[in-house]
$ cat my_file_19.csv   # CSV, C-alpha atoms
chain,number,residue,atom,x,y,z
A,276,MET,CA,-5.9,20.2,2.8
A,277,GLU,CA,-3.8,18.5,5.4
A,278,ARG,CA,-1.6,15.6,4.2
A,279,PRO,CA,0.4,12.9,6.0
A,280,ALA,CA,4.1,13.3,6.5
A,281,GLU,CA,6.3,12.9,3.5
A,282,PHE,CA,8.8,10.9,5.5
A,283,ILE,CA,7.9,8.6,8.4
A,284,SER,CA,10.3,6.7,10.6
A,285,ASN,CA,8.8,3.8,12.5
A,286,ASP,CA,10.9,1.2,14.4
A,287,GLN,CA,12.7,-0.8,11.8
A,288,VAL,CA,11.4,0.9,8.6
A,289,GLU,CA,11.3,4.3,7.1
A,290,LEU,CA,8.6,5.4,4.6
A,291,ARG,CA,9.3,8.1,2.1
A,292,ARG,CA,7.1,9.6,-0.5
A,293,TRP,CA,7.7,8.3,-4.1
A,294,ARG,CA,8.9,10.9,-6.6
A,295,ALA,CA,9.0,10.8,-10.3
A,296,ASP,CA,12.8,10.4,-10.3
A,297,ASP,CA,12.4,7.1,-8.4
A,298,ALA,CA,11.1,5.3,-11.5
A,299,GLU,CA,14.4,3.3,-12.0
A,300,ALA,CA,14.5,2.2,-8.3
A,301,MET,CA,10.8,1.2,-8.4
A,302,ASP,CA,11.2,-0.7,-11.7
A,303,ARG,CA,14.1,-2.7,-10.2
A,304,LEU,CA,12.0,-3.5,-7.1
A,305,VAL,CA,8.9,-4.6,-9.1
A,306,THR,CA,11.0,-6.6,-11.6
A,307,GLU,CA,12.7,-8.5,-8.8
A,308,SER,CA,9.4,-9.0,-7.0
A,309,LEU,CA,7.4,-10.2,-10.0
A,310,PRO,CA,7.2,-13.9,-9.1
A,311,HIS,CA,5.8,-12.8,-5.7
A,312,LEU,CA,3.4,-10.1,-7.1
A,313,LEU,CA,2.0,-11.9,-10.2
A,314,PRO,CA,-0.2,-14.3,-8.3
A,315,TRP,CA,-1.9,-11.5,-6.4
A,316,MET,CA,-1.6,-8.1,-8.2
A,317,PRO,CA,-3.4,-7.8,-11.5
A,318,TRP,CA,-1.2,-4.8,-12.5
A,319,ALA,CA,2.0,-6.9,-12.2
A,320,ALA,CA,1.1,-8.8,-15.4
A,321,GLU,CA,1.4,-5.5,-17.4
A,322,HIS,CA,4.6,-4.4,-15.7
A,323,ASP,CA,7.1,-2.4,-17.8
A,324,PHE,CA,9.2,0.6,-17.2
A,325,ALA,CA,6.7,3.0,-18.8
A,326,ALA,CA,4.0,1.9,-16.3
A,327,VAL,CA,6.4,2.4,-13.4
A,328,ALA,CA,7.5,5.8,-14.7
A,329,ASP,CA,3.8,6.8,-15.0
A,330,TYR,CA,3.1,5.6,-11.5
A,331,THR,CA,5.9,7.5,-9.9
A,332,ALA,CA,5.1,10.7,-11.8
A,333,ARG,CA,1.4,10.4,-11.0
A,334,SER,CA,2.3,9.7,-7.4
A,335,GLU,CA,3.5,13.3,-7.2
A,336,GLN,CA,0.2,14.6,-8.8
A,337,TRP,CA,-2.0,12.4,-6.6
A,338,TRP,CA,-0.1,13.6,-3.5
A,339,LEU,CA,-0.6,17.3,-4.3
A,340,ALA,CA,-4.3,16.7,-5.1
A,341,GLY,CA,-4.8,14.8,-1.9
A,342,GLU,CA,-6.0,11.6,-3.7
A,343,ALA,CA,-3.2,9.2,-2.8
A,344,TYR,CA,-0.1,9.1,-0.7
A,345,ASN,CA,2.3,6.6,-2.0
A,346,TYR,CA,5.4,5.6,-0.1
A,347,ALA,CA,8.6,3.6,-0.6
A,348,ILE,CA,9.2,1.2,2.3
A,349,THR,CA,12.9,1.5,3.1
A,350,MET,CA,15.2,-0.5,5.4
A,351,ASP,CA,18.7,0.9,6.1
A,352,GLY,CA,18.3,3.1,3.0
A,353,GLU,CA,17.3,0.3,0.7
A,354,ILE,CA,13.8,0.3,-1.0
A,355,VAL,CA,12.1,-3.0,0.0
A,356,GLY,CA,8.4,-2.4,-0.8
A,357,ASN,CA,5.5,-0.1,-1.4
A,358,CYS,CA,2.6,1.1,0.7
A,359,THR,CA,-0.1,3.6,0.0
A,360,LEU,CA,-2.9,5.6,1.6
A,361,THR,CA,-5.7,6.4,-0.9
A,362,ARG,CA,-9.0,8.1,-0.8
A,363,GLN,CA,-11.0,5.4,-2.6
A,364,SER,CA,-13.2,4.2,0.2
A,365,GLY,CA,-15.5,7.2,0.5
A,366,PRO,CA,-15.6,10.3,2.7
A,367,GLY,CA,-13.9,10.1,6.1
A,368,ALA,CA,-11.8,7.1,5.0
A,369,LEU,CA,-8.3,6.3,3.8
A,370,GLU,CA,-7.4,2.9,2.4
A,371,ILE,CA,-4.1,1.2,2.9
A,372,GLY,CA,-2.4,-1.0,0.3
A,373,TYR,CA,1.0,-2.7,0.6
A,374,TRP,CA,3.5,-5.2,-0.9
A,375,ILE,CA,7.1,-6.1,-0.2
A,376,HIS,CA,10.0,-7.6,-2.0
A,377,PRO,CA,10.0,-11.4,-1.3
A,378,GLY,CA,13.5,-11.2,0.1
A,379,TRP,CA,12.2,-9.0,2.9
A,380,ALA,CA,8.9,-10.8,3.5
A,381,GLY,CA,8.1,-12.5,6.8
A,382,ARG,CA,10.0,-9.9,9.0
A,383,GLY,CA,7.0,-7.8,10.1
A,384,LEU,CA,8.1,-4.9,7.9
A,385,VAL,CA,4.7,-4.6,6.1
A,386,THR,CA,2.9,-4.6,9.4
A,387,THR,CA,5.2,-2.0,10.8
A,388,ALA,CA,4.8,0.2,7.7
A,389,ALA,CA,1.0,-0.2,7.7
A,390,ALA,CA,0.9,0.7,11.4
A,391,ALA,CA,2.8,3.9,10.6
A,392,LEU,CA,0.2,4.7,7.9
A,393,VAL,CA,-2.7,4.1,10.3
A,394,ARG,CA,-1.1,6.6,12.7
A,395,GLU,CA,-0.7,9.1,9.9
A,396,ALA,CA,-4.2,8.6,8.7
A,397,PHE,CA,-5.7,9.2,12.1
A,398,ALA,CA,-3.6,12.3,12.5
A,399,LEU,CA,-5.6,13.9,9.7
A,400,PRO,CA,-8.8,15.6,11.0
A,401,ASP,CA,-11.1,14.3,8.2
A,402,VAL,CA,-10.3,10.6,8.6
A,403,GLU,CA,-12.6,8.6,10.8
A,404,ARG,CA,-11.8,5.1,9.5
A,405,VAL,CA,-9.0,3.2,7.7
A,406,VAL,CA,-9.7,0.4,5.3
A,407,ILE,CA,-7.7,-2.6,4.0
A,408,ARG,CA,-9.1,-4.7,1.1
A,409,THR,CA,-7.8,-8.2,0.6
A,410,ASP,CA,-8.7,-11.3,-1.4
A,411,SER,CA,-9.9,-14.0,1.0
A,412,ALA,CA,-7.1,-16.3,-0.2
A,413,ASN,CA,-4.4,-13.8,0.6
A,414,THR,CA,-3.5,-15.0,4.1
A,415,ALA,CA,-0.4,-12.8,4.4
A,416,SER,CA,-2.4,-9.6,3.8
A,417,ILE,CA,-5.2,-10.8,6.0
A,418,ALA,CA,-2.6,-11.4,8.8
A,419,VAL,CA,-1.4,-7.8,8.6
A,420,ALA,CA,-5.0,-6.5,9.0
A,421,ARG,CA,-5.6,-8.8,11.9
A,422,ARG,CA,-2.3,-7.9,13.7
A,423,LEU,CA,-3.2,-4.2,13.4
A,424,GLY,CA,-6.6,-4.7,15.0
A,425,PHE,CA,-8.8,-4.3,11.9
A,426,THR,CA,-12.2,-5.9,11.9
A,427,GLU,CA,-13.7,-7.7,8.9
A,428,VAL,CA,-16.8,-5.7,7.9
A,429,GLU,CA,-17.7,-7.2,4.5
A,430,ARG,CA,-17.2,-10.1,2.1
A,431,ARG,CA,-18.4,-9.9,-1.4
A,432,PRO,CA,-17.6,-11.5,-4.8
A,433,SER,CA,-15.0,-9.6,-6.8
A,434,PRO,CA,-16.6,-7.9,-9.8
A,435,GLY,CA,-15.6,-10.1,-12.8
A,436,GLY,CA,-14.2,-12.9,-10.6
A,437,PRO,CA,-10.6,-13.4,-9.6
A,438,SER,CA,-8.3,-10.8,-11.2
A,439,ALA,CA,-5.0,-12.6,-10.6
A,440,PRO,CA,-4.1,-16.4,-10.5
A,441,ALA,CA,-3.9,-16.9,-6.8
A,442,ARG,CA,-7.0,-14.9,-6.0
A,443,ASP,CA,-10.3,-16.7,-5.2
A,444,GLY,CA,-12.5,-13.8,-6.2
A,445,VAL,CA,-13.9,-13.0,-2.8
A,446,ASP,CA,-13.0,-9.4,-1.6
A,447,VAL,CA,-12.8,-8.9,2.1
A,448,VAL,CA,-13.0,-5.4,3.6
A,449,TRP,CA,-11.3,-4.7,6.9
A,450,GLU,CA,-11.8,-1.5,8.9
A,451,LEU,CA,-10.3,0.3,11.8
A,452,ARG,CA,-12.2,3.2,13.3
A,453,ARG,CA,-10.7,6.2,15.1
$ encode --input "my_file_19.csv" --output "structure tokens"
Amino acid sequence: MERPAEFISNDQVELRRWRADDAEAMDRLVTESLPHLLPWMPWAAEHDFAAVADYTARSEQWWLAGEAYNYAITMDGEIVGNCTLTRQSGPGALEIGYWIHPGWAGRGLVTTAAAALVREAFALPDVERVVIRTDSANTASIAVARRLGFTEVERRPSPGGPSAPARDGVDVVWELRR
């Protein structure tokens, strides 16, 4: 199975594959970002070191299995965020997810990182489309999808309603085709 590159350099950011031994660095990043993440990310409410260590360890397993490709977003060697390509949107598709430390927000770094992931996704022969899912209230995530040329293809109520305090409970699916 072909996989995306483990290290991607794109303009102002570099992406590198998360490894199990990155747990402390990721824990620090998440802990510092909690006020920014809690309104949007349901998993942030259950954040602790064990969850982070599990994520970084599983990131290696998912990578080898071809299920998910999880990257640290770095700027000048400092880890500033997280972005992912996952195979959860069906055959022929990869889904992008992202978040950034609030101290680095508003600089176009997530857009730059997501653009690099789009290029990596379309370099894989089995990928025909790339998907981004947002909550309709998350204007920052929506702006990333729009800047990259994604088209809104679906809106639907979130199963079980809003899963985090700032979410309005309407899932929006964005898609970019090869």
$ atom_distance --input "my_file_19.csv" --atom1 "CA of Gly352 in chain A" --atom2 "CA of Ala390 in chain A"
19.5 Å
$ residues_around --input "my_file_19.csv" --residues "Glu281 in chain A" --least-positions-apart "3" --cutoff "8 Å" --atoms "all atoms listed in the file" --output "JSON, numbers by chain"
{"A": [290, 291, 292]}
$ write_last_selection --input "my_file_19.csv" --atoms "C-alpha atoms" --output "PDB file, in the frame of the given file"
ATOM      1  CA  LEU A 290       8.600   5.400   4.600  1.00  0.00           C
ATOM      2  CA  ARG A 291       9.300   8.100   2.100  1.00  0.00           C
ATOM      3  CA  ARG A 292       7.100   9.600  -0.500  1.00  0.00           C
TER       4      ARG A 292
END
$ closest_residue --input "my_file_19.csv" --among "A:Pro366, A:Pro317, A:Pro400, A:Pro310" --to "Arg442 in chain A" --atoms "all atoms listed in the file"
A:Pro317
$ closest_atom_pairs --input "my_file_19.csv" --of "range 347-372 of chain A" --to "range 419-430 of chain A" --cutoff "12 Å" --atoms "all atoms listed in the file" --output "tab-separated table"
residue	atom	partner	partner_atom	distance
A:Glu370	CA	A:Ala420	CA	11.7
A:Ile371	CA	A:Ala420	CA	9.9
A:Gly372	CA	A:Ala420	CA	10.6
$ write_last_selection --input "my_file_19.csv" --atoms "C-alpha atoms" --output "short mmCIF file (atom, residue, chain, number, x, y, z; two decimals), keeping the file's coordinate frame"
data_model
loop_
_atom_site.label_atom_id
_atom_site.label_comp_id
_atom_site.auth_asym_id
_atom_site.auth_seq_id
_atom_site.Cartn_x
_atom_site.Cartn_y
_atom_site.Cartn_z
CA GLU A 370 -7.40 2.90 2.40
CA ILE A 371 -4.10 1.20 2.90
CA GLY A 372 -2.40 -1.00 0.30
#
$ closest_residue --input "my_file_19.csv" --among "A:Asp329, A:Glu335, A:Glu277, A:Glu353" --to "Ala300 in chain A" --atoms "only C-alpha atoms"
A:Glu353
$ residues_around --input "my_file_19.csv" --residues "Ala415 in chain A" --least-positions-apart "4" --cutoff "12 Å" --atoms "only C-alpha atoms" --output "ChimeraX atom specification"
/A:311,315,373-375,377,380-383,385-386,409-411,419-422
$ write_last_selection --input "my_file_19.csv" --atoms "C-alpha atoms" --output "PDB file, keeping the file's coordinate frame"
ATOM      1  CA  HIS A 311       5.800 -12.800  -5.700  1.00  0.00           C
ATOM      2  CA  TRP A 315      -1.900 -11.500  -6.400  1.00  0.00           C
ATOM      3  CA  TYR A 373       1.000  -2.700   0.600  1.00  0.00           C
ATOM      4  CA  TRP A 374       3.500  -5.200  -0.900  1.00  0.00           C
ATOM      5  CA  ILE A 375       7.100  -6.100  -0.200  1.00  0.00           C
ATOM      6  CA  PRO A 377      10.000 -11.400  -1.300  1.00  0.00           C
ATOM      7  CA  ALA A 380       8.900 -10.800   3.500  1.00  0.00           C
ATOM      8  CA  GLY A 381       8.100 -12.500   6.800  1.00  0.00           C
ATOM      9  CA  ARG A 382      10.000  -9.900   9.000  1.00  0.00           C
ATOM     10  CA  GLY A 383       7.000  -7.800  10.100  1.00  0.00           C
ATOM     11  CA  VAL A 385       4.700  -4.600   6.100  1.00  0.00           C
ATOM     12  CA  THR A 386       2.900  -4.600   9.400  1.00  0.00           C
ATOM     13  CA  THR A 409      -7.800  -8.200   0.600  1.00  0.00           C
ATOM     14  CA  ASP A 410      -8.700 -11.300  -1.400  1.00  0.00           C
ATOM     15  CA  SER A 411      -9.900 -14.000   1.000  1.00  0.00           C
ATOM     16  CA  VAL A 419      -1.400  -7.800   8.600  1.00  0.00           C
ATOM     17  CA  ALA A 420      -5.000  -6.500   9.000  1.00  0.00           C
ATOM     18  CA  ARG A 421      -5.600  -8.800  11.900  1.00  0.00           C
ATOM     19  CA  ARG A 422      -2.300  -7.900  13.700  1.00  0.00           C
TER      20      ARG A 422
END
$ atom_distance --input "my_file_19.csv" --atom1 "CA of Glu395 in chain A" --atom2 "CA of Thr331 in chain A"
20.9 Å
$ residues_around --input "my_file_19.csv" --residues "Arg294 in chain A" --least-positions-apart "2" --cutoff "12 Å" --atoms "all atoms listed in the file" --output "short mmCIF file (atom, residue, chain, number, x, y, z; two decimals) with C-alpha atoms, in the frame of the given file"
data_model
loop_
_atom_site.label_atom_id
_atom_site.label_comp_id
_atom_site.auth_asym_id
_atom_site.auth_seq_id
_atom_site.Cartn_x
_atom_site.Cartn_y
_atom_site.Cartn_z
CA GLU A 281 6.30 12.90 3.50
CA ARG A 291 9.30 8.10 2.10
CA ARG A 292 7.10 9.60 -0.50
CA ASP A 296 12.80 10.40 -10.30
CA ASP A 297 12.40 7.10 -8.40
CA ALA A 298 11.10 5.30 -11.50
CA GLU A 299 14.40 3.30 -12.00
CA ALA A 300 14.50 2.20 -8.30
CA MET A 301 10.80 1.20 -8.40
CA VAL A 327 6.40 2.40 -13.40
CA ALA A 328 7.50 5.80 -14.70
CA ASP A 329 3.80 6.80 -15.00
CA TYR A 330 3.10 5.60 -11.50
CA THR A 331 5.90 7.50 -9.90
CA ALA A 332 5.10 10.70 -11.80
CA ARG A 333 1.40 10.40 -11.00
CA SER A 334 2.30 9.70 -7.40
CA GLU A 335 3.50 13.30 -7.20
CA GLN A 336 0.20 14.60 -8.80
CA TRP A 337 -2.00 12.40 -6.60
CA TRP A 338 -0.10 13.60 -3.50
CA LEU A 339 -0.60 17.30 -4.30
CA TYR A 344 -0.10 9.10 -0.70
CA ASN A 345 2.30 6.60 -2.00
CA TYR A 346 5.40 5.60 -0.10
CA ALA A 347 8.60 3.60 -0.60
#
$ closest_residue --input "my_file_19.csv" --among "A:Ala320, A:Ala388, A:Ala368, A:Ala326" --to "Ala343 in chain A" --atoms "all atoms listed in the file"
A:Ala368
$ closest_residue --input "my_file_19.csv" --among "A:His376, A:Arg303, A:Arg431, A:Arg278" --to "Phe397 in chain A" --atoms "only C-alpha atoms"
A:Arg278
$ atom_distance --input "my_file_19.csv" --atom1 "CA of Val447 in chain A" --atom2 "CA of Asp302 in chain A"
28.9 Å
$ residues_near_point --input "my_file_19.csv" --point "(-10.4, 1.1, 11.4)" --cutoff "7 Å" --atoms "only C-alpha atoms" --output "list in words"
Arg404, Val405, Val406, Phe425, Glu450, Leu451, Arg452 and Arg453 of chain A
$ closest_residue --input "my_file_19.csv" --among "A:Ala418, A:Trp379, A:Leu304, A:Asn413" --to "Asp446 in chain A" --atoms "all atoms listed in the file"
A:Asn413
$ closest_residue --input "my_file_19.csv" --among "A:Ile417, A:Gly378, A:Thr359, A:Gly444" --to "Glu307 in chain A" --atoms "only C-alpha atoms"
A:Gly378
$ residues_around --input "my_file_19.csv" --residues "Ile348 in chain A" --least-positions-apart "3" --cutoff "6 Å" --atoms "only C-alpha atoms" --output "list in words"
Leu290, Ile354, Val355, Gly356 and Asn357 of chain A
$ residues_around --input "my_file_19.csv" --residues "Asn285 in chain A" --least-positions-apart "3" --cutoff "7 Å" --atoms "all atoms listed in the file" --output "list in words"
Val288, Glu289 and Ala391 of chain A
$ residues_near_point --input "my_file_19.csv" --point "(6.9, -5.0, -14.9)" --cutoff "7 Å" --atoms "all atoms listed in the file" --output "JSON list (two decimals) with C-alpha atoms, keeping the file's coordinate frame"
[["chain", "number", "residue", "atom", "x", "y", "z"],
["A", 302, "ASP", "CA", 11.20, -0.70, -11.70],
["A", 305, "VAL", "CA", 8.90, -4.60, -9.10],
["A", 306, "THR", "CA", 11.00, -6.60, -11.60],
["A", 319, "ALA", "CA", 2.00, -6.90, -12.20],
["A", 320, "ALA", "CA", 1.10, -8.80, -15.40],
["A", 321, "GLU", "CA", 1.40, -5.50, -17.40],
["A", 322, "HIS", "CA", 4.60, -4.40, -15.70],
["A", 323, "ASP", "CA", 7.10, -2.40, -17.80],
["A", 324, "PHE", "CA", 9.20, 0.60, -17.20]]
